[in-house]
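A.B. asks: The structure under discussion is supplied below as structure tokens; questions concerning it will follow.
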Amino acid sequence: MRSDDAQYTYRSADCRFGLSIPSSEMKVILRFCVQAGRKETGGILLGRYTQSHDMAVITEVAGPPADSLHRSSFFIRGIKGLQQLLNQLWRRKEYYLGEWHYHPFASASPSGTDEQQMREFASNRALNCPEPVLLIIGGDPNRDWNVKVAVYARNQKRIELSLVTPVT
Ligand SMILES: [Zn+2]
């Protein structure tokens, strides 16, 4: 596999949920993390589902909207420009699939605020995504970063996904 085609693939233990993200888009996320310094940041994950609907295939990531709130221990994603972006993507048959977050030099586990927001996004009609994924980068984005991925399906506990294909 050429390195520019490399994908990170994550799956739930029961294989009902998955996420794949090209390493090029993971690099885009890491660049946003480096820019954010000691503050949290985040954005949205865009792409499509496989036909069997068991895998969210990320094709593009977006950075924090201008009205987002960045703090050292939380991040509230803004909405400025989001609807226009979703409309543009929709024409290419690409959709909102979930969120990404950065927890600077900290654990990649979701915070209470994260969990609450994901539940809200799951029932947000404009987003039209009942099972959004949350990808969190923890640690140092320049070297020993780590990732946690989970799905928030309505009326269910968080479903964790784990890495199945390390990038070569
Ligand atoms: Zn967070």
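By convention in this document, the chains of the structure tokens carry letters A, B, ... by their order, each chain's residues are numbered from 1, and ligands are numbered from 1 in the order they are shown.
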Report as a ChimeraX atom specification which protein, DNA and RNA residues come within 7 Å of ligand 1, using only C-alpha atoms and all ligand atoms.
C.D. replies: /A:74-75,101-103,110-111,114,136
A.B. asks: Compile the contact shell of region 44-53 of chain A as a PyMOL selection string: residues with an atom at most 6 Å away, counting only C-alpha atoms, same-chain residues fewer than 3 positions apart removed.
C.D. replies: chain A and resi 56-62+94-100
A.B. asks: Residues of chain A classed as strand (DSSP E or B) by DSSP on the backbone are to be reported as JSON, numbers by chain.
C.D. replies: {"A": [7, 8, 9, 10, 11, 12, 18, 19, 20, 21, 22, 41, 42, 43, 44, 45, 46, 47, 48, 49, 56, 57, 58, 59, 60, 61, 62, 69, 70, 75, 76, 95, 96, 97, 98, 99, 100, 101, 102, 103, 104, 133, 134, 135, 136, 137, 138, 139, 146, 147, 148, 149, 150, 151, 159, 160, 161, 162, 163, 164, 165]}
A.B. asks: I'd like to know which of A:Met118, A:Ala126, A:Val34, A:Ala13 is closest to Asn155 (chain A), using only C-alpha atoms.
C.D. replies: A:Met118
A.B. asks: Find the residues around Asn146 (chain A) up to 8 Å (only C-alpha atoms counted), leave out those fewer than 6 positions away in its own chain, and share them as a PyMOL selection string.
C.D. replies: chain A and resi 108+137-139
A.B. asks: Can you pull out the residues contacting Ser73 (chain A)? Cut-off 9 Å, using only C-alpha atoms, and skip same-chain residues under 6 positions away; I want them as an NGL selection string.
C.D. replies: :A and (39-40 or 103-104)
A.B. asks: Have a look at A:Gly63, A:Val151, A:Asp14, A:Gln84 and name the one nearest to Ile29 (chain A); count only C-alpha atoms.
C.D. replies: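 Distance minimum relative to Ile29 (chain A) lands on A:Gly63.
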A.B. asks: Go through A:Arg154, A:Pro65, A:Asn142, A:Thr113 one by one, measure the shortest atom-to-atom distance of each to Cys129 (chain A) using only C-alpha atoms, and give the residue with the smallest value.
C.D. replies: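 The shortest atom-to-atom distance to Cys129 (chain A) comes from A:Arg154.
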A.B. asks: In Å to one decimal, how far is CA of Gln156 (chain A) from CA of Ser123 (chain A)?
C.D. replies: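 Going from CA of Ser123 (chain A) over to CA of Gln156 (chain A), I get 12.8 Å.
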A.B. asks: Of the residues A:Gly112, A:Ser72, A:Leu19, A:Val164, which is the one nearest to Ala150 (chain A), using only C-alpha atoms?
C.D. replies: A:Leu19
A.B. asks: Measuring between only C-alpha atoms, which one of A:Glu115, A:Glu25, A:Asp67, A:Asp54 shows the shortest distance to Arg158 (chain A)?
C.D. replies: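 Looking only at the distances to Arg158 (chain A), the closest residue turns out to be A:Glu115.
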A.B. asks: With DSSP run on the backbone, what are the helix (DSSP H, G or I) residues within region 90-129 of chain A? I'd like them as a ChimeraX atom specification.
C.D. replies: /A:90-91,112-122
